[in-house]
Structure formats: C-alpha cells, structure tokens
Amino acid sequence: MAIQLSFLEPKQVSSTPVRKADPAGGTRQDDEYNTPKWLWQLGLDVFGLDEYDIDPATNETSTVPACKKFMLLNDGLSRSWKSPKREMTRGWLNPPFSKNSEFVEKLCSEYQKGGLEMIVLDKHDHRVGWWWELEAAAAGLCLIRGYVQFEGHSQSYRFPVSIFYFGPNYEAFERVFKDYGRCVQL
C-alpha cells in the first residue's frame, strides 16, 4: 500500500514549533488565535458557500466571514446557534482555549437539536475530556499535518490542530481536507 503525502505552502503549516512556553494552556490571555484564511476557506469549500451562517466564538480581529457572529467568551454560550431563516445552519467554530469544555458542551447540545452543520478547529489534545466529547459526537475528523500559523502571529505554535466535522456530508469534508492531513470518518 502506497502512502500519499501532500504538502502545504511553507507559511501555512510548519514542521517546527516555536520553542517557548506552550500558548495553548487555556488562559484568557492566549485565547486570540484567529484562524488563518486558508483554513477557514477550506470549510467554506466543504459547504459550497461564500460565508458561514454563524461563527459563535469570534472576536474583533477575526477574518472568518459569517452572517451571525457572537463575540468571544460570552454570547456564543448563551444564544441559539440555529438560524431561523435556514433549514440547515452552517458554521465555523474556533473556541477560546480557556472555554473549550463549555463550547464543546454547547456545540453538542446545539448539534443534537438538528439543523446544524459545523466545522470545528481545536488543538489536538486527546489527554482532555472535551477532545473525546468532540470525537464521539462528530461525523469526521482531520488531523492537520504540521503546525498551523495563526493569523496575527509571526510563527506557528507548538500544538497540533484537529478539524472536526459535524454534519451529514462527510464525503465533502474528506474531499476538501484530505490533502491537509489524515481524515477519518467517525
């Protein structure tokens, strides 16, 4: 069996992390890890959209295009994510590290109600319970190769990234993300 490797542009993903204190420890001071455009664009490609219906964990400097945006750390946890105007609401979620558990719980609750298709970027940390909750509820997962350089940061950081897919069309998710990491249907 041959293994096919694919490569990203050097500025997108790097194989060498920054050698400093791990910024993904989950404090409020390090919650501003804005998704790079090339990565959120892949999610739009899965959905065939120009913008997401919702980004429930955004901030003032995020470039993720969404019709409805809830600000970081508060609103996304207290409001419904479902759009009353759409049968299926499609969104992007990059939760703040200090609130991973809360956003995973909210995501799972909203997803179980139906009518929600989400792509979730989070640090790949299978040592913690919230990661396993995502894995148990998602339809698919992509383990991104290398280290992602987040917007507004000059270097990539030393934590790997997982992309979770919640929805009915795993095939579209795999088709778009397969060149960026290992995709698994869950």
# chains A, B, ... in the order shown; residues from 1 in each chain; ligands from 1
$ residues_around --residues "Asn94 of chain A" --least-positions-apart "3" --cutoff "8 Å" --atoms "only C-alpha atoms" --output "PDB file with N, CA and C atoms, in the first residue's frame"
ATOM      1  N   ASN A  34      -6.628  33.532  15.966  1.00  0.00           N
ATOM      2  CA  ASN A  34      -7.531  33.658  14.831  1.00  0.00           C
ATOM      3  C   ASN A  34      -7.152  32.676  13.738  1.00  0.00           C
ATOM      4  N   THR A  35      -8.169  32.016  13.213  1.00  0.00           N
ATOM      5  CA  THR A  35      -7.977  31.030  12.157  1.00  0.00           C
ATOM      6  C   THR A  35      -7.412  31.692  10.909  1.00  0.00           C
ATOM      7  N   ALA A  57     -17.883  31.931  18.205  1.00  0.00           N
ATOM      8  CA  ALA A  57     -16.779  32.255  19.125  1.00  0.00           C
ATOM      9  C   ALA A  57     -15.776  33.150  18.418  1.00  0.00           C
ATOM     10  N   THR A  58     -16.201  34.293  18.000  1.00  0.00           N
ATOM     11  CA  THR A  58     -15.339  35.185  17.238  1.00  0.00           C
ATOM     12  C   THR A  58     -14.811  36.312  18.118  1.00  0.00           C
ATOM     13  N   VAL A 120     -15.187  22.514  13.172  1.00  0.00           N
ATOM     14  CA  VAL A 120     -14.598  22.955  14.433  1.00  0.00           C
ATOM     15  C   VAL A 120     -13.088  22.787  14.384  1.00  0.00           C
ATOM     16  N   LEU A 121     -12.370  23.881  14.613  1.00  0.00           N
ATOM     17  CA  LEU A 121     -10.917  23.842  14.738  1.00  0.00           C
ATOM     18  C   LEU A 121     -10.599  23.866  16.223  1.00  0.00           C
ATOM     19  N   ASP A 122      -9.778  22.935  16.664  1.00  0.00           N
ATOM     20  CA  ASP A 122      -9.328  22.962  18.058  1.00  0.00           C
ATOM     21  C   ASP A 122      -7.953  22.326  18.144  1.00  0.00           C
TER      22      ASP A 122
END
$ atom_distance --atom1 "atom CA of Trp81 of chain A" --atom2 "atom CA of Tyr180 of chain A"
27.8 Å
$ select_by_dssp --residues "segment 98-144 of chain A" --states "alpha helix (DSSP H)" --output "PyMOL selection string"
chain A and resi 100-112+129-137
$ residues_around --residues "Asn59 of chain A" --least-positions-apart "6" --cutoff "9 Å" --atoms "only C-alpha atoms" --output "list in words"
Glu32, Asn34, Lys69, Phe70, Met71 and Leu72 of chain A
$ write_last_selection --atoms "all heavy atoms" --output "mmCIF file, in the first residue's frame"
data_model
loop_
_atom_site.group_PDB
_atom_site.id
_atom_site.type_symbol
_atom_site.label_atom_id
_atom_site.label_comp_id
_atom_site.auth_asym_id
_atom_site.auth_seq_id
_atom_site.Cartn_x
_atom_site.Cartn_y
_atom_site.Cartn_z
ATOM 1 N N GLU A 32 -6.693 34.511 21.802
ATOM 2 C CA GLU A 32 -6.811 35.146 20.497
ATOM 3 C C GLU A 32 -5.962 34.429 19.439
ATOM 4 O O GLU A 32 -4.944 34.937 19.007
ATOM 5 C CB GLU A 32 -6.418 36.618 20.583
ATOM 6 C CG GLU A 32 -7.208 37.407 21.612
ATOM 7 C CD GLU A 32 -8.693 37.504 21.278
ATOM 8 O OE1 GLU A 32 -9.045 37.573 20.088
ATOM 9 O OE2 GLU A 32 -9.497 37.505 22.218
ATOM 10 N N ASN A 34 -6.628 33.532 15.966
ATOM 11 C CA ASN A 34 -7.531 33.658 14.831
ATOM 12 C C ASN A 34 -7.152 32.676 13.738
ATOM 13 O O ASN A 34 -5.992 32.561 13.351
ATOM 14 C CB ASN A 34 -7.496 35.083 14.286
ATOM 15 C CG ASN A 34 -8.088 36.080 15.260
ATOM 16 O OD1 ASN A 34 -8.944 35.745 16.067
ATOM 17 N ND2 ASN A 34 -7.640 37.316 15.188
ATOM 18 N N LYS A 69 -22.260 36.645 14.078
ATOM 19 C CA LYS A 69 -21.026 36.465 14.848
ATOM 20 C C LYS A 69 -21.303 36.761 16.310
ATOM 21 O O LYS A 69 -21.846 37.809 16.635
ATOM 22 C CB LYS A 69 -19.932 37.420 14.346
ATOM 23 C CG LYS A 69 -19.465 37.121 12.946
ATOM 24 C CD LYS A 69 -18.353 38.067 12.548
ATOM 25 C CE LYS A 69 -17.787 37.686 11.190
ATOM 26 N NZ LYS A 69 -16.563 38.426 10.887
ATOM 27 N N PHE A 70 -20.899 35.817 17.169
ATOM 28 C CA PHE A 70 -21.001 36.027 18.605
ATOM 29 C C PHE A 70 -19.595 36.256 19.132
ATOM 30 O O PHE A 70 -18.673 35.525 18.789
ATOM 31 C CB PHE A 70 -21.632 34.835 19.304
ATOM 32 C CG PHE A 70 -23.066 34.594 18.914
ATOM 33 C CD1 PHE A 70 -23.551 33.305 18.807
ATOM 34 C CD2 PHE A 70 -23.934 35.644 18.652
ATOM 35 C CE1 PHE A 70 -24.866 33.067 18.464
ATOM 36 C CE2 PHE A 70 -25.250 35.414 18.302
ATOM 37 C CZ PHE A 70 -25.724 34.121 18.201
ATOM 38 N N MET A 71 -19.443 37.246 19.973
ATOM 39 C CA MET A 71 -18.127 37.594 20.489
ATOM 40 C C MET A 71 -17.593 36.551 21.464
ATOM 41 O O MET A 71 -18.348 35.878 22.163
ATOM 42 C CB MET A 71 -18.140 38.962 21.167
ATOM 43 C CG MET A 71 -18.267 40.113 20.206
ATOM 44 S SD MET A 71 -16.893 40.215 19.050
ATOM 45 C CE MET A 71 -17.755 40.417 17.523
ATOM 46 N N LEU A 72 -16.288 36.487 21.492
ATOM 47 C CA LEU A 72 -15.522 35.565 22.308
ATOM 48 C C LEU A 72 -15.910 35.616 23.785
ATOM 49 O O LEU A 72 -16.181 36.684 24.314
ATOM 50 C CB LEU A 72 -14.056 35.963 22.149
ATOM 51 C CG LEU A 72 -12.977 34.966 22.477
ATOM 52 C CD1 LEU A 72 -13.035 33.773 21.572
ATOM 53 C CD2 LEU A 72 -11.633 35.649 22.307
#
$ closest_residue --among "A:Pro84, A:Gly129, A:Gly167, A:Gly181" --to "Asn100 of chain A" --atoms "only C-alpha atoms"
A:Gly129
$ residues_around --residues "Gly43 of chain A" --least-positions-apart "6" --cutoff "9 Å" --atoms "only C-alpha atoms" --output "JSON, numbers by chain"
{"A": [49, 52, 91, 92, 118, 119, 173, 176, 177]}
$ closest_atom_pairs --of "segment 92-117 of chain A" --to "segment 135-143 of chain A" --cutoff "12 Å" --atoms "only C-alpha atoms" --output "Markdown table"
| residue | atom | partner | partner_atom | distance |
| --- | --- | --- | --- | --- |
| A:Val104 | CA | A:Ala137 | CA | 9.8 |
| A:Glu105 | CA | A:Ala137 | CA | 10.5 |
| A:Leu107 | CA | A:Ala137 | CA | 9.5 |
| A:Cys108 | CA | A:Ala137 | CA | 6.9 |
| A:Ser109 | CA | A:Ala137 | CA | 10.2 |
| A:Glu110 | CA | A:Ala137 | CA | 11.4 |
| A:Tyr111 | CA | A:Ala137 | CA | 8.7 |
| A:Gln112 | CA | A:Ala137 | CA | 9.0 |
| A:Leu116 | CA | A:Ala138 | CA | 11.8 |
| A:Glu117 | CA | A:Ala139 | CA | 10.1 |
$ write_last_selection --atoms "all heavy atoms" --output "PDB file, in the first residue's frame"
ATOM      1  N   VAL A 104     -17.612  23.036  23.727  1.00  0.00           N
ATOM      2  CA  VAL A 104     -17.881  21.671  23.264  1.00  0.00           C
ATOM      3  C   VAL A 104     -19.248  21.220  23.763  1.00  0.00           C
ATOM      4  O   VAL A 104     -20.039  20.638  23.004  1.00  0.00           O
ATOM      5  CB  VAL A 104     -16.766  20.699  23.709  1.00  0.00           C
ATOM      6  CG1 VAL A 104     -17.173  19.255  23.483  1.00  0.00           C
ATOM      7  CG2 VAL A 104     -15.472  21.019  22.961  1.00  0.00           C
ATOM      8  N   GLU A 105     -19.554  21.500  25.009  1.00  0.00           N
ATOM      9  CA  GLU A 105     -20.871  21.142  25.553  1.00  0.00           C
ATOM     10  C   GLU A 105     -21.985  21.853  24.775  1.00  0.00           C
ATOM     11  O   GLU A 105     -22.984  21.250  24.409  1.00  0.00           O
ATOM     12  CB  GLU A 105     -20.931  21.519  27.031  1.00  0.00           C
ATOM     13  CG  GLU A 105     -22.226  21.136  27.708  1.00  0.00           C
ATOM     14  CD  GLU A 105     -22.238  21.489  29.188  1.00  0.00           C
ATOM     15  OE1 GLU A 105     -21.162  21.500  29.826  1.00  0.00           O
ATOM     16  OE2 GLU A 105     -23.336  21.753  29.705  1.00  0.00           O
ATOM     17  N   LEU A 107     -21.825  23.103  21.675  1.00  0.00           N
ATOM     18  CA  LEU A 107     -21.852  22.555  20.322  1.00  0.00           C
ATOM     19  C   LEU A 107     -22.644  21.254  20.281  1.00  0.00           C
ATOM     20  O   LEU A 107     -23.526  21.075  19.433  1.00  0.00           O
ATOM     21  CB  LEU A 107     -20.432  22.316  19.805  1.00  0.00           C
ATOM     22  CG  LEU A 107     -20.317  21.482  18.529  1.00  0.00           C
ATOM     23  CD1 LEU A 107     -20.904  22.216  17.336  1.00  0.00           C
ATOM     24  CD2 LEU A 107     -18.872  21.104  18.280  1.00  0.00           C
ATOM     25  N   CYS A 108     -22.337  20.342  21.179  1.00  0.00           N
ATOM     26  CA  CYS A 108     -23.015  19.044  21.184  1.00  0.00           C
ATOM     27  C   CYS A 108     -24.513  19.208  21.427  1.00  0.00           C
ATOM     28  O   CYS A 108     -25.337  18.541  20.793  1.00  0.00           O
ATOM     29  CB  CYS A 108     -22.380  18.117  22.212  1.00  0.00           C
ATOM     30  SG  CYS A 108     -20.705  17.605  21.762  1.00  0.00           S
ATOM     31  N   SER A 109     -24.881  20.110  22.329  1.00  0.00           N
ATOM     32  CA  SER A 109     -26.290  20.391  22.604  1.00  0.00           C
ATOM     33  C   SER A 109     -26.989  20.955  21.371  1.00  0.00           C
ATOM     34  O   SER A 109     -28.079  20.507  21.001  1.00  0.00           O
ATOM     35  CB  SER A 109     -26.390  21.376  23.776  1.00  0.00           C
ATOM     36  OG  SER A 109     -27.708  21.818  23.941  1.00  0.00           O
ATOM     37  N   GLU A 110     -26.384  21.929  20.726  1.00  0.00           N
ATOM     38  CA  GLU A 110     -26.976  22.537  19.527  1.00  0.00           C
ATOM     39  C   GLU A 110     -27.057  21.524  18.375  1.00  0.00           C
ATOM     40  O   GLU A 110     -28.040  21.480  17.649  1.00  0.00           O
ATOM     41  CB  GLU A 110     -26.166  23.757  19.091  1.00  0.00           C
ATOM     42  CG  GLU A 110     -26.225  24.922  20.047  1.00  0.00           C
ATOM     43  CD  GLU A 110     -27.536  25.689  19.997  1.00  0.00           C
ATOM     44  OE1 GLU A 110     -28.151  25.802  18.914  1.00  0.00           O
ATOM     45  OE2 GLU A 110     -27.946  26.192  21.057  1.00  0.00           O
ATOM     46  N   TYR A 111     -26.035  20.710  18.215  1.00  0.00           N
ATOM     47  CA  TYR A 111     -25.984  19.726  17.129  1.00  0.00           C
ATOM     48  C   TYR A 111     -27.067  18.660  17.305  1.00  0.00           C
ATOM     49  O   TYR A 111     -27.703  18.244  16.335  1.00  0.00           O
ATOM     50  CB  TYR A 111     -24.597  19.097  17.072  1.00  0.00           C
ATOM     51  CG  TYR A 111     -24.396  18.130  15.930  1.00  0.00           C
ATOM     52  CD1 TYR A 111     -24.484  18.549  14.606  1.00  0.00           C
ATOM     53  CD2 TYR A 111     -24.092  16.797  16.179  1.00  0.00           C
ATOM     54  CE1 TYR A 111     -24.284  17.673  13.559  1.00  0.00           C
ATOM     55  CE2 TYR A 111     -23.882  15.909  15.144  1.00  0.00           C
ATOM     56  CZ  TYR A 111     -23.991  16.346  13.832  1.00  0.00           C
ATOM     57  OH  TYR A 111     -23.799  15.471  12.793  1.00  0.00           O
ATOM     58  N   GLN A 112     -27.302  18.242  18.529  1.00  0.00           N
ATOM     59  CA  GLN A 112     -28.320  17.225  18.796  1.00  0.00           C
ATOM     60  C   GLN A 112     -29.733  17.711  18.470  1.00  0.00           C
ATOM     61  O   GLN A 112     -30.617  16.908  18.188  1.00  0.00           O
ATOM     62  CB  GLN A 112     -28.249  16.760  20.245  1.00  0.00           C
ATOM     63  CG  GLN A 112     -27.038  15.900  20.527  1.00  0.00           C
ATOM     64  CD  GLN A 112     -26.873  15.547  21.994  1.00  0.00           C
ATOM     65  OE1 GLN A 112     -27.633  15.999  22.850  1.00  0.00           O
ATOM     66  NE2 GLN A 112     -25.880  14.730  22.293  1.00  0.00           N
ATOM     67  N   LEU A 116     -27.954  21.747  12.156  1.00  0.00           N
ATOM     68  CA  LEU A 116     -26.673  22.431  12.322  1.00  0.00           C
ATOM     69  C   LEU A 116     -25.559  21.599  11.695  1.00  0.00           C
ATOM     70  O   LEU A 116     -25.441  20.400  11.957  1.00  0.00           O
ATOM     71  CB  LEU A 116     -26.369  22.639  13.809  1.00  0.00           C
ATOM     72  CG  LEU A 116     -25.117  23.444  14.150  1.00  0.00           C
ATOM     73  CD1 LEU A 116     -25.282  24.901  13.730  1.00  0.00           C
ATOM     74  CD2 LEU A 116     -24.835  23.374  15.647  1.00  0.00           C
ATOM     75  N   GLU A 117     -24.768  22.234  10.861  1.00  0.00           N
ATOM     76  CA  GLU A 117     -23.594  21.612  10.245  1.00  0.00           C
ATOM     77  C   GLU A 117     -22.417  22.512  10.596  1.00  0.00           C
ATOM     78  O   GLU A 117     -22.421  23.698  10.269  1.00  0.00           O
ATOM     79  CB  GLU A 117     -23.791  21.507   8.736  1.00  0.00           C
ATOM     80  CG  GLU A 117     -22.735  20.695   8.033  1.00  0.00           C
ATOM     81  CD  GLU A 117     -23.034  20.506   6.547  1.00  0.00           C
ATOM     82  OE1 GLU A 117     -23.921  21.187   6.002  1.00  0.00           O
ATOM     83  OE2 GLU A 117     -22.358  19.682   5.938  1.00  0.00           O
TER      84      GLU A 117
END
$ select_by_dssp --residues "segment 7-184 of chain A" --states "strand (DSSP E or B)" --output "PyMOL selection string"
chain A and resi 13-14+34+52-58+66-71+89-93+116-123+140-144+147-148+151+161-166+181-184
$ atom_distance --atom1 "atom CA of Trp131 of chain A" --atom2 "atom CA of Phe103 of chain A"
11.2 Å
$ closest_residue --among "A:Asp125, A:Glu133, A:Asp75, A:Glu174" --to "Val161 of chain A" --atoms "only C-alpha atoms"
A:Asp125
$ atom_distance --atom1 "atom CA of Thr63 of chain A" --atom2 "atom CA of Cys183 of chain A"
25.3 Å
$ residues_around --residues "Lys113 of chain A" --least-positions-apart "6" --cutoff "12 Å" --atoms "only C-alpha atoms" --output "number ranges by chain"
A: 80-82, 88-89, 106-107
$ residues_around --residues "Val64 of chain A" --least-positions-apart "3" --cutoff "8 Å" --atoms "only C-alpha atoms" --output "ChimeraX atom specification"
/A:35,37,40,51,55
$ residues_around --residues "Pro160 of chain A" --least-positions-apart "2" --cutoff "6 Å" --atoms "only C-alpha atoms" --output "list in words"
Lys123, His124 and Tyr147 of chain A
$ closest_residue --among "A:Gly114, A:Pro168, A:Pro56, A:Gly48" --to "Pro95 of chain A" --atoms "only C-alpha atoms"
A:Pro56
$ closest_residue --among "A:Leu39, A:Phe47, A:Gly115, A:Arg90" --to "Asp179 of chain A" --atoms "only C-alpha atoms"
A:Leu39
